[in-house]
file coords.cif (mmCIF, C-alpha atoms)
data_entry
#
loop_
_atom_site.group_PDB
_atom_site.id
_atom_site.type_symbol
_atom_site.label_atom_id
_atom_site.label_comp_id
_atom_site.auth_asym_id
_atom_site.auth_seq_id
_atom_site.Cartn_x
_atom_site.Cartn_y
_atom_site.Cartn_z
ATOM 1 C CA MET A 1 -4.627 -33.263 45.384
ATOM 2 C CA ILE A 2 -4.791 -30.397 47.861
ATOM 3 C CA PRO A 3 -3.235 -31.345 51.207
ATOM 4 C CA LYS A 4 -5.196 -30.738 54.407
ATOM 5 C CA SER A 5 -2.098 -29.229 55.973
ATOM 6 C CA HIS A 6 1.508 -28.587 55.011
ATOM 7 C CA ILE A 7 2.565 -28.477 58.649
ATOM 8 C CA SER A 8 3.613 -31.821 60.091
ATOM 9 C CA ALA A 9 4.197 -32.604 63.750
ATOM 10 C CA GLU A 10 7.893 -32.902 62.917
ATOM 11 C CA MET A 11 7.909 -29.383 61.476
ATOM 12 C CA THR A 12 6.076 -27.971 64.504
ATOM 13 C CA ALA A 13 8.596 -29.616 66.813
ATOM 14 C CA ALA A 14 11.426 -27.910 64.924
ATOM 15 C CA VAL A 15 10.180 -24.378 65.692
ATOM 16 C CA GLY A 16 12.761 -22.544 67.776
ATOM 17 C CA ARG A 17 15.688 -24.513 66.402
ATOM 18 C CA GLU A 18 18.720 -22.883 64.839
ATOM 19 C CA PHE A 19 19.102 -24.121 61.285
ATOM 20 C CA GLY A 20 21.911 -22.220 59.717
ATOM 21 C CA GLN A 21 25.104 -20.370 60.496
ATOM 22 C CA ARG A 22 27.222 -18.719 57.824
ATOM 23 C CA ARG A 23 30.309 -16.555 57.756
ATOM 24 C CA SER A 24 30.968 -14.244 54.820
ATOM 25 C CA PHE A 25 34.193 -13.538 53.031
ATOM 26 C CA PRO A 26 35.539 -10.076 53.828
ATOM 27 C CA ILE A 27 33.342 -7.501 52.095
ATOM 28 C CA SER A 28 35.135 -5.700 49.262
ATOM 29 C CA GLU A 29 34.600 -2.234 47.845
ATOM 30 C CA SER A 30 33.823 -3.931 44.537
ATOM 31 C CA ASP A 31 31.031 -5.983 46.140
ATOM 32 C CA ILE A 32 29.462 -2.809 47.532
ATOM 33 C CA ARG A 33 29.907 -0.851 44.301
ATOM 34 C CA LYS A 34 28.272 -3.520 42.143
ATOM 35 C CA TRP A 35 25.382 -3.935 44.579
ATOM 36 C CA ALA A 36 24.743 -0.189 44.591
ATOM 37 C CA ILE A 37 24.862 -0.031 40.790
ATOM 38 C CA ALA A 38 22.306 -2.857 40.537
ATOM 39 C CA VAL A 39 19.792 -1.475 43.040
ATOM 40 C CA TYR A 40 20.011 2.113 41.759
ATOM 41 C CA TYR A 41 19.982 1.186 38.050
ATOM 42 C CA PRO A 42 19.497 3.085 35.771
ATOM 43 C CA GLU A 43 20.522 5.982 38.039
ATOM 44 C CA ASP A 44 24.047 6.428 39.332
ATOM 45 C CA PRO A 45 24.354 5.207 42.909
ATOM 46 C CA PRO A 46 25.314 7.661 45.682
ATOM 47 C CA ARG A 47 29.023 8.407 45.903
ATOM 48 C CA LEU A 48 29.025 7.136 49.499
ATOM 49 C CA PHE A 49 28.924 3.639 48.032
ATOM 50 C CA TRP A 50 31.721 3.894 45.459
ATOM 51 C CA ASP A 51 33.908 7.002 45.890
ATOM 52 C CA ALA A 52 36.370 6.384 48.735
ATOM 53 C CA ALA A 53 37.733 9.938 48.732
ATOM 54 C CA TYR A 54 34.250 11.412 48.956
ATOM 55 C CA ALA A 55 33.074 8.868 51.525
ATOM 56 C CA ALA A 56 36.027 9.775 53.759
ATOM 57 C CA THR A 57 34.600 13.292 54.073
ATOM 58 C CA THR A 58 31.198 12.084 55.292
ATOM 59 C CA ILE A 59 30.009 11.230 58.783
ATOM 60 C CA HIS A 60 30.778 7.594 57.958
ATOM 61 C CA GLY A 61 34.491 8.258 57.408
ATOM 62 C CA GLY A 62 34.631 5.904 54.451
ATOM 63 C CA ILE A 63 32.607 3.697 52.167
ATOM 64 C CA VAL A 64 29.733 1.827 53.775
ATOM 65 C CA ALA A 65 27.415 -0.721 52.199
ATOM 66 C CA PRO A 66 23.754 -0.037 51.523
ATOM 67 C CA GLU A 67 21.736 -1.396 54.444
ATOM 68 C CA ASP A 68 20.145 -3.959 52.126
ATOM 69 C CA PHE A 69 23.515 -5.341 50.933
ATOM 70 C CA ASN A 70 23.926 -9.132 51.043
ATOM 71 C CA PRO A 71 27.517 -10.280 51.779
ATOM 72 C CA PHE A 72 26.507 -13.945 51.426
ATOM 73 C CA ALA A 73 25.547 -13.831 47.748
ATOM 74 C CA TRP A 74 27.239 -16.457 45.575
ATOM 75 C CA MET A 75 29.434 -18.026 48.224
ATOM 76 C CA SER A 76 30.099 -17.941 51.943
ATOM 77 C CA ALA A 77 33.482 -18.576 53.517
ATOM 78 C CA ASP A 78 31.930 -21.004 55.982
ATOM 79 C CA PRO A 79 30.332 -23.265 54.996
ATOM 80 C CA PRO A 80 32.444 -23.065 51.832
ATOM 81 C CA GLY A 81 31.394 -23.711 48.275
ATOM 82 C CA ILE A 82 28.795 -22.360 45.908
ATOM 83 C CA ARG A 83 25.190 -23.465 46.040
ATOM 84 C CA HIS A 84 23.931 -25.850 43.389
ATOM 85 C CA GLY A 85 20.314 -26.467 42.529
ATOM 86 C CA GLY A 86 18.879 -23.274 43.996
ATOM 87 C CA TYR A 87 17.126 -22.873 47.311
ATOM 88 C CA VAL A 88 17.762 -25.459 50.006
ATOM 89 C CA GLY A 89 14.684 -25.551 52.171
ATOM 90 C CA LEU A 90 15.021 -24.794 55.830
ATOM 91 C CA GLU A 91 13.372 -28.137 56.677
ATOM 92 C CA ALA A 92 16.052 -30.013 54.748
ATOM 93 C CA THR A 93 18.692 -28.092 56.681
ATOM 94 C CA LEU A 94 16.958 -29.107 59.921
ATOM 95 C CA GLY A 95 16.734 -32.747 58.861
ATOM 96 C CA VAL A 96 12.938 -32.530 58.714
ATOM 97 C CA GLU A 97 10.758 -33.891 55.908
ATOM 98 C CA PRO A 98 9.897 -30.796 53.808
ATOM 99 C CA PRO A 99 6.327 -29.866 52.846
ATOM 100 C CA GLN A 100 5.150 -30.869 49.388
ATOM 101 C CA THR A 101 5.035 -27.402 47.858
ATOM 102 C CA GLU A 102 6.121 -26.331 44.402
ATOM 103 C CA PHE A 103 6.534 -22.556 44.540
ATOM 104 C CA MET A 104 8.075 -20.140 47.006
ATOM 105 C CA LEU A 105 7.654 -16.394 47.441
ATOM 106 C CA ASN A 106 9.140 -13.840 49.776
ATOM 107 C CA GLY A 107 6.236 -12.746 51.981
ATOM 108 C CA GLY A 108 7.821 -9.908 53.864
ATOM 109 C CA LEU A 109 10.663 -8.621 55.978
ATOM 110 C CA GLU A 110 11.055 -6.797 59.277
ATOM 111 C CA VAL A 111 14.544 -5.529 60.006
ATOM 112 C CA THR A 112 16.128 -3.719 62.927
ATOM 113 C CA TYR A 113 19.478 -2.233 61.949
ATOM 114 C CA GLY A 114 22.639 -1.896 63.977
ATOM 115 C CA THR A 115 26.046 -0.819 62.747
ATOM 116 C CA ARG A 116 26.780 -0.341 59.034
ATOM 117 C CA MET A 117 28.700 -2.886 56.927
ATOM 118 C CA ARG A 118 32.043 -1.658 55.630
ATOM 119 C CA PRO A 119 34.785 -2.927 53.323
ATOM 120 C CA GLY A 120 36.796 -5.583 55.153
ATOM 121 C CA ASP A 121 33.969 -6.612 57.455
ATOM 122 C CA VAL A 122 33.286 -10.308 57.952
ATOM 123 C CA ILE A 123 29.630 -10.981 58.698
ATOM 124 C CA THR A 124 28.235 -13.955 60.586
ATOM 125 C CA SER A 125 24.604 -14.941 60.157
ATOM 126 C CA VAL A 126 22.691 -17.210 62.514
ATOM 127 C CA SER A 127 19.200 -18.304 61.443
ATOM 128 C CA THR A 128 16.429 -19.657 63.644
ATOM 129 C CA LEU A 129 13.053 -21.111 62.616
ATOM 130 C CA THR A 130 10.458 -19.074 64.484
ATOM 131 C CA GLY A 131 7.100 -20.377 63.275
ATOM 132 C CA TYR A 132 4.656 -21.834 60.770
ATOM 133 C CA GLN A 133 1.168 -20.746 59.747
ATOM 134 C CA GLU A 134 -1.030 -21.607 56.786
ATOM 135 C CA ARG A 135 -4.181 -20.397 55.123
ATOM 136 C CA GLN A 136 -6.102 -20.797 51.886
ATOM 137 C CA GLY A 137 -5.174 -18.367 49.145
ATOM 138 C CA ARG A 138 -5.955 -17.763 45.501
ATOM 139 C CA LEU A 139 -3.305 -20.277 44.521
ATOM 140 C CA GLY A 140 -4.258 -22.975 47.054
ATOM 141 C CA LEU A 141 -3.142 -23.811 50.560
ATOM 142 C CA MET A 142 -0.342 -21.391 51.411
ATOM 143 C CA LEU A 143 2.361 -22.191 53.972
ATOM 144 C CA PHE A 144 3.917 -19.246 55.811
ATOM 145 C CA SER A 145 7.186 -19.923 57.608
ATOM 146 C CA THR A 146 9.069 -17.317 59.576
ATOM 147 C CA GLN A 147 12.728 -17.210 60.459
ATOM 148 C CA LEU A 148 14.964 -14.844 62.362
ATOM 149 C CA ASP A 149 18.379 -14.047 60.888
ATOM 150 C CA ARG A 150 20.835 -12.265 63.132
ATOM 151 C CA TRP A 151 23.920 -10.737 61.498
ATOM 152 C CA THR A 152 26.964 -9.624 63.466
ATOM 153 C CA ASN A 153 30.319 -8.316 62.317
ATOM 154 C CA GLN A 154 33.830 -9.484 63.230
ATOM 155 C CA ASP A 155 33.619 -7.473 66.471
ATOM 156 C CA ASP A 156 30.386 -9.244 67.420
ATOM 157 C CA VAL A 157 28.435 -6.027 66.911
ATOM 158 C CA LEU A 158 24.882 -6.409 65.604
ATOM 159 C CA VAL A 159 24.520 -5.433 61.948
ATOM 160 C CA LYS A 160 20.884 -6.336 61.622
ATOM 161 C CA SER A 161 18.172 -8.622 62.877
ATOM 162 C CA THR A 162 15.745 -9.791 60.198
ATOM 163 C CA SER A 163 12.423 -11.552 60.559
ATOM 164 C CA MET A 164 11.532 -13.028 57.174
ATOM 165 C CA THR A 165 8.337 -14.714 56.005
ATOM 166 C CA LEU A 166 8.484 -17.285 53.238
ATOM 167 C CA ILE A 167 5.290 -18.255 51.427
ATOM 168 C CA ARG A 168 5.132 -21.652 49.792
ATOM 169 C CA TYR A 169 2.349 -23.347 47.845
ATOM 170 C CA MET B 1 22.720 16.018 52.029
ATOM 171 C CA THR B 2 21.770 17.104 55.549
ATOM 172 C CA ARG B 3 18.256 17.822 56.706
ATOM 173 C CA THR B 4 17.901 21.440 57.773
ATOM 174 C CA GLU B 5 14.452 21.301 59.339
ATOM 175 C CA ILE B 6 12.299 18.877 61.290
ATOM 176 C CA PRO B 7 9.748 17.219 58.996
ATOM 177 C CA GLU B 8 6.027 17.439 59.601
ATOM 178 C CA VAL B 9 3.548 14.612 59.881
ATOM 179 C CA GLY B 10 1.930 14.095 56.511
ATOM 180 C CA GLU B 11 4.973 15.276 54.550
ATOM 181 C CA GLU B 12 5.432 13.262 51.363
ATOM 182 C CA ILE B 13 8.985 12.266 50.613
ATOM 183 C CA PRO B 14 10.371 12.406 47.059
ATOM 184 C CA ALA B 15 9.460 9.412 44.937
ATOM 185 C CA ILE B 16 11.715 7.228 42.837
ATOM 186 C CA VAL B 17 10.477 5.741 39.564
ATOM 187 C CA ARG B 18 11.749 2.618 37.802
ATOM 188 C CA GLN B 19 10.736 1.053 34.510
ATOM 189 C CA THR B 20 11.075 -2.602 35.483
ATOM 190 C CA GLY B 21 11.941 -5.717 33.556
ATOM 191 C CA PHE B 22 14.841 -7.992 32.846
ATOM 192 C CA HIS B 23 17.307 -5.095 32.630
ATOM 193 C CA ASN B 24 16.718 -4.409 36.354
ATOM 194 C CA TRP B 25 16.169 -7.963 37.477
ATOM 195 C CA ASN B 26 19.185 -9.462 35.733
ATOM 196 C CA ARG B 27 21.475 -6.894 37.335
ATOM 197 C CA TYR B 28 20.007 -7.687 40.724
ATOM 198 C CA ALA B 29 20.243 -11.424 40.080
ATOM 199 C CA ALA B 30 23.913 -10.934 39.287
ATOM 200 C CA VAL B 31 24.743 -9.297 42.618
ATOM 201 C CA ASN B 32 22.400 -11.360 44.795
ATOM 202 C CA ASP B 33 22.847 -14.723 43.038
ATOM 203 C CA GLU B 34 19.106 -14.823 42.491
ATOM 204 C CA PHE B 35 18.805 -16.594 39.164
ATOM 205 C CA VAL B 36 15.383 -18.066 39.868
ATOM 206 C CA PRO B 37 13.264 -19.070 36.836
ATOM 207 C CA ILE B 38 10.209 -17.031 37.933
ATOM 208 C CA HIS B 39 12.396 -13.908 37.681
ATOM 209 C CA MET B 40 13.946 -14.807 34.336
ATOM 210 C CA ASP B 41 11.411 -16.653 32.250
ATOM 211 C CA ASP B 42 7.817 -15.704 31.389
ATOM 212 C CA GLU B 43 6.801 -19.360 31.161
ATOM 213 C CA ALA B 44 8.057 -19.972 34.688
ATOM 214 C CA GLY B 45 6.170 -16.922 35.912
ATOM 215 C CA GLN B 46 2.999 -18.163 34.217
ATOM 216 C CA ALA B 47 3.440 -21.634 35.718
ATOM 217 C CA ALA B 48 3.531 -19.941 39.127
ATOM 218 C CA GLY B 49 0.201 -18.233 38.412
ATOM 219 C CA TYR B 50 1.267 -14.835 37.049
ATOM 220 C CA ALA B 51 1.021 -13.148 33.669
ATOM 221 C CA THR B 52 4.783 -12.867 33.118
ATOM 222 C CA ALA B 53 8.062 -13.342 34.901
ATOM 223 C CA PHE B 54 8.189 -11.061 37.909
ATOM 224 C CA GLY B 55 10.835 -9.165 39.830
ATOM 225 C CA MET B 56 12.463 -10.085 43.094
ATOM 226 C CA GLY B 57 10.832 -9.028 46.337
ATOM 227 C CA ASN B 58 14.324 -8.242 47.558
ATOM 228 C CA LEU B 59 14.693 -5.623 44.817
ATOM 229 C CA GLN B 60 11.481 -3.911 45.970
ATOM 230 C CA TRP B 61 13.060 -3.996 49.410
ATOM 231 C CA SER B 62 16.109 -2.202 48.041
ATOM 232 C CA TYR B 63 13.907 0.411 46.351
ATOM 233 C CA LEU B 64 12.272 1.169 49.713
ATOM 234 C CA HIS B 65 15.712 1.730 51.195
ATOM 235 C CA ASN B 66 16.639 3.995 48.287
ATOM 236 C CA VAL B 67 13.547 6.151 48.836
ATOM 237 C CA VAL B 68 14.228 6.557 52.548
ATOM 238 C CA ARG B 69 17.973 7.062 52.102
ATOM 239 C CA GLU B 70 17.575 9.776 49.481
ATOM 240 C CA TRP B 71 15.177 11.675 51.709
ATOM 241 C CA MET B 72 16.963 11.454 55.052
ATOM 242 C CA GLY B 73 20.472 12.180 53.751
ATOM 243 C CA GLU B 74 23.848 10.657 54.581
ATOM 244 C CA ARG B 75 23.712 11.706 58.225
ATOM 245 C CA GLY B 76 20.494 9.817 58.729
ATOM 246 C CA THR B 77 20.183 6.277 60.028
ATOM 247 C CA ILE B 78 17.597 3.702 59.048
ATOM 248 C CA GLU B 79 16.705 2.212 62.433
ATOM 249 C CA ARG B 80 13.965 -0.178 61.321
ATOM 250 C CA LEU B 81 12.251 -1.065 58.084
ATOM 251 C CA SER B 82 9.548 -3.591 57.281
ATOM 252 C CA CYS B 83 7.402 -4.471 54.306
ATOM 253 C CA GLN B 84 5.054 -7.082 52.981
ATOM 254 C CA PHE B 85 5.227 -8.248 49.399
ATOM 255 C CA ARG B 86 1.597 -7.909 48.352
ATOM 256 C CA GLY B 87 1.725 -7.825 44.583
ATOM 257 C CA PRO B 88 4.005 -9.074 41.830
ATOM 258 C CA ASN B 89 6.276 -6.642 40.000
ATOM 259 C CA LEU B 90 5.396 -7.878 36.528
ATOM 260 C CA LYS B 91 7.529 -7.280 33.463
ATOM 261 C CA GLY B 92 7.047 -3.828 31.963
ATOM 262 C CA GLN B 93 5.502 -2.226 35.025
ATOM 263 C CA THR B 94 6.459 1.263 36.116
ATOM 264 C CA VAL B 95 7.269 0.987 39.810
ATOM 265 C CA THR B 96 7.245 4.062 42.018
ATOM 266 C CA GLY B 97 8.669 4.110 45.518
ATOM 267 C CA ARG B 98 6.980 6.561 47.864
ATOM 268 C CA GLY B 99 6.830 7.535 51.510
ATOM 269 C CA ARG B 100 4.966 9.714 53.966
ATOM 270 C CA VAL B 101 5.861 10.944 57.455
ATOM 271 C CA THR B 102 3.553 9.459 60.089
ATOM 272 C CA ALA B 103 5.240 10.522 63.355
ATOM 273 C CA VAL B 104 8.050 12.831 64.472
ATOM 274 C CA ARG B 105 9.889 12.613 67.797
ATOM 275 C CA PRO B 106 12.397 15.464 68.099
ATOM 276 C CA GLY B 107 15.136 14.987 70.678
ATOM 277 C CA PRO B 108 17.989 17.192 71.826
ATOM 278 C CA GLN B 109 20.530 15.271 69.784
ATOM 279 C CA ARG B 110 18.585 13.231 67.250
ATOM 280 C CA THR B 111 15.112 13.279 65.785
ATOM 281 C CA GLU B 112 13.259 10.035 65.128
ATOM 282 C CA VAL B 113 10.754 9.887 62.304
ATOM 283 C CA ASP B 114 8.285 7.153 61.417
ATOM 284 C CA LEU B 115 7.385 6.728 57.786
ATOM 285 C CA GLU B 116 4.841 4.822 55.803
ATOM 286 C CA VAL B 117 6.714 3.566 52.738
ATOM 287 C CA TRP B 118 5.609 1.617 49.722
ATOM 288 C CA THR B 119 6.186 0.727 46.133
ATOM 289 C CA GLU B 120 3.281 0.804 43.709
ATOM 290 C CA ASN B 121 2.658 -0.067 40.086
ATOM 291 C CA GLN B 122 1.599 2.393 37.372
ATOM 292 C CA GLU B 123 -2.033 2.010 38.431
ATOM 293 C CA GLY B 124 -1.236 3.017 41.988
ATOM 294 C CA LYS B 125 -1.668 -0.518 43.324
ATOM 295 C CA PRO B 126 0.686 -1.173 46.263
ATOM 296 C CA LEU B 127 3.304 -3.835 45.642
ATOM 297 C CA ALA B 128 5.405 -3.636 48.796
ATOM 298 C CA PRO B 129 3.826 -1.542 51.573
ATOM 299 C CA GLY B 130 5.743 -1.100 54.780
ATOM 300 C CA ASN B 131 6.967 1.123 57.568
ATOM 301 C CA ALA B 132 10.289 2.656 58.507
ATOM 302 C CA THR B 133 11.811 4.454 61.445
ATOM 303 C CA VAL B 134 14.784 6.701 60.767
ATOM 304 C CA SER B 135 16.803 9.092 62.870
ATOM 305 C CA PHE B 136 19.039 12.023 62.023
ATOM 306 C CA PRO B 137 20.758 14.837 63.883
ATOM 307 C CA THR B 138 18.175 17.312 65.153
ATOM 308 C CA PRO B 139 18.498 20.465 63.044
ATOM 309 C CA ALA B 140 19.680 23.506 65.021
#
call {"tool": "encode", "arguments": {"input": "coords.cif", "output": "structure tokens"}}
result
Amino acid sequence: MIPKSHISAEMTAAVGREFGQRRSFPISESDIRKWAIAVYYPEDPPRLFWDAAYAATTIHGGIVAPEDFNPFAWMSADPPGIRHGGYVGLEATLGVEPPQTEFMLNGGLEVTYGTRMRPGDVITSVSTLTGYQERQGRLGLMLFSTQLDRWTNQDDVLVKSTSMTLIRY
Amino acid sequence: MTRTEIPEVGEEIPAIVRQTGFHNWNRYAAVNDEFVPIHMDDEAGQAAGYATAFGMGNLQWSYLHNVVREWMGERGTIERLSCQFRGPNLKGQTVTGRGRVTAVRPGPQRTEVDLEVWTENQEGKPLAPGNATVSFPTPA
């Protein structure tokens, strides 16, 4: 049965609430190197991402991570432990009854970048629920939720601010 | 690489081309812990309404960064980047990342450039269209 709406009053009331804070382990050169290999495959990634001697000669003064690098993959230092069972919905994290949807897609991203991530950096992410919308699509009633993720480094300098849209149906 | 001249509006930036499938997606899953059935299993992709398994939106996102990064050079800075994920990157597609200069704002120290960026499939259908703003030292 197709629901009239995925958005409950409880969900609407949760808009604006912070729902997640994470701290990464220190970023390693190996993390950056493997990320660059994966996103450039089958081409070799730029030396800036894996050759410390070369990177030292650049304007960056050393290896930096690709802007799209994710230091939270696999495990965060806080909260500790690996994830089991895949995606944990933001509603569950907020203590709100989640919508009855089966599939989830990444709808889009808008990022403003600050300083680059480097080996040794520890990144903190704070996530805030910023809104819900819904509309009918080819695959049924689609729920669009938006969140703002703000990443800072160990010096409290902004690394990036990301507005992300999740589509669920 | 360092840019030696200010770009012009309308300039196309060099494209990147990827033959996509599990060889790309599994590598990305390994670094981003993104072992989601729709990206790994045709049946899961079909259950979600698509012809096959399909690639991660986040990998399209990385391709857009690669396109911009290769063009602007190491002295450039990606200030902002956005995209929408409009179409699935189905197994076996040839994905091309492209970009075009839409605005140029030269300054005494740095030049800001706006770009239209996108990935498209082998039929030219956009998969992840977006926009970027980059800056780099103003060429002498």
call {"tool": "resolve_selection", "arguments": {"input": "coords.cif", "expression": "the PyMOL selection byres ((chain B) within 8 of (chain A))", "output": "PyMOL selection string"}}
result
chain B and resi 24+27-28+31-33+36+48-49+57-59+61-63+65-66+74-75+78-86
call {"tool": "residues_around", "arguments": {"input": "coords.cif", "residues": "Arg118 (chain A)", "least_positions_apart": "3", "cutoff": "8 Å", "atoms": "only C-alpha atoms", "output": "list in words"}}
result
Ile27, Ile63, Val64, Ala65 and Asp121 of chain A
call {"tool": "atom_distance", "arguments": {"input": "coords.cif", "atom1": "CA of Gln100 (chain A)", "atom2": "CA of Asp149 (chain A)"}}
result
24.3 Å
call {"tool": "residues_near_point", "arguments": {"input": "coords.cif", "point": "(4.2, -0.4, 36.0)", "cutoff": "9 Å", "atoms": "only C-alpha atoms", "output": "JSON, numbers by chain"}}
result
{"B": [18, 19, 20, 89, 90, 91, 92, 93, 94, 95, 96, 120, 121, 122, 123, 124]}
call {"tool": "residues_near_point", "arguments": {"input": "coords.cif", "point": "(27.3, -15.2, 61.7)", "cutoff": "8 Å", "atoms": "only C-alpha atoms", "output": "NGL selection string"}}
result
:A and (21-24 or 123-126 or 150-153)
call {"tool": "write_last_selection", "arguments": {"input": "coords.cif", "atoms": "C-alpha atoms", "output": "short mmCIF file (atom, residue, chain, number, x, y, z; two decimals), keeping the file's coordinate frame"}}
result
data_model
loop_
_atom_site.label_atom_id
_atom_site.label_comp_id
_atom_site.auth_asym_id
_atom_site.auth_seq_id
_atom_site.Cartn_x
_atom_site.Cartn_y
_atom_site.Cartn_z
CA GLN A 21 25.10 -20.37 60.50
CA ARG A 22 27.22 -18.72 57.82
CA ARG A 23 30.31 -16.56 57.76
CA SER A 24 30.97 -14.24 54.82
CA ILE A 123 29.63 -10.98 58.70
CA THR A 124 28.24 -13.96 60.59
CA SER A 125 24.60 -14.94 60.16
CA VAL A 126 22.69 -17.21 62.51
CA ARG A 150 20.84 -12.26 63.13
CA TRP A 151 23.92 -10.74 61.50
CA THR A 152 26.96 -9.62 63.47
CA ASN A 153 30.32 -8.32 62.32
#
call {"tool": "resolve_selection", "arguments": {"input": "coords.cif", "expression": "the PyMOL selection byres ((chain B and resi 119) around 6)", "output": "PDB file with C-alpha atoms, keeping the file's coordinate frame"}}
result
ATOM      1  CA  THR B  96       7.245   4.062  42.018  1.00  0.00           C
ATOM      2  CA  GLY B  97       8.669   4.110  45.518  1.00  0.00           C
ATOM      3  CA  TRP B 118       5.609   1.617  49.722  1.00  0.00           C
ATOM      4  CA  GLU B 120       3.281   0.804  43.709  1.00  0.00           C
ATOM      5  CA  PRO B 126       0.686  -1.173  46.263  1.00  0.00           C
ATOM      6  CA  LEU B 127       3.304  -3.835  45.642  1.00  0.00           C
ATOM      7  CA  ALA B 128       5.405  -3.636  48.796  1.00  0.00           C
TER       8      ALA B 128
END
call {"tool": "resolve_selection", "arguments": {"input": "coords.cif", "expression": "the PyMOL selection byres ((chain B and resi 135) around 7)", "output": "count of residues only"}}
result
11
call {"tool": "axis_aligned_box", "arguments": {"input": "coords.cif", "around": "region 18-37 of chain A", "padding_each_side": "6 Å", "output": "lines of an AutoDock Vina configuration file"}}
result
center_x = 27.1
center_y = -12.1
center_z = 52.8
size_x = 28.8
size_y = 36.1
size_z = 36.0
call {"tool": "residues_around", "arguments": {"input": "coords.cif", "residues": "Lys4 (chain A)", "least_positions_apart": "6", "cutoff": "12 Å", "atoms": "all atoms listed in the file", "output": "list in words"}}
result
Pro99, Gln100, Glu134, Arg135, Gln136, Gly140, Leu141, Met142 and Leu143 of chain A
call {"tool": "closest_residue", "arguments": {"input": "coords.cif", "among": "B:Gly99, B:Glu116, B:Phe22, B:Pro106", "to": "Val67 (chain B)", "atoms": "all atoms listed in the file"}}
result
B:Gly99
call {"tool": "atom_distance", "arguments": {"input": "coords.cif", "atom1": "CA of Pro119 (chain A)", "atom2": "CA of Gly20 (chain A)"}}
result
24.1 Å
call {"tool": "atom_distance", "arguments": {"input": "coords.cif", "atom1": "CA of Arg168 (chain A)", "atom2": "CA of Ala47 (chain B)"}}
result
14.2 Å
call {"tool": "decode", "arguments": {"input": "coords.cif", "residues": "region 110-122 of chain B", "atoms": "C-alpha atoms", "output": "compact mmCIF listing (two decimals), in the first residue's frame"}}
result
# COMPACT_ATOMS: atom_id res chain seq x y z
CA ARG B 110 43.83 34.65 -7.55
CA THR B 111 41.36 33.99 -10.32
CA GLU B 112 38.00 32.38 -9.56
CA VAL B 113 36.35 30.25 -12.20
CA ASP B 114 32.86 28.76 -12.25
CA LEU B 115 32.38 25.51 -14.08
CA GLU B 116 29.49 23.40 -15.20
CA VAL B 117 30.58 19.81 -14.55
CA TRP B 118 28.91 16.51 -15.22
CA THR B 119 29.29 12.83 -15.82
CA GLU B 120 27.40 11.22 -18.68
CA ASN B 121 26.86 7.74 -20.04
CA GLN B 122 27.92 6.52 -23.50
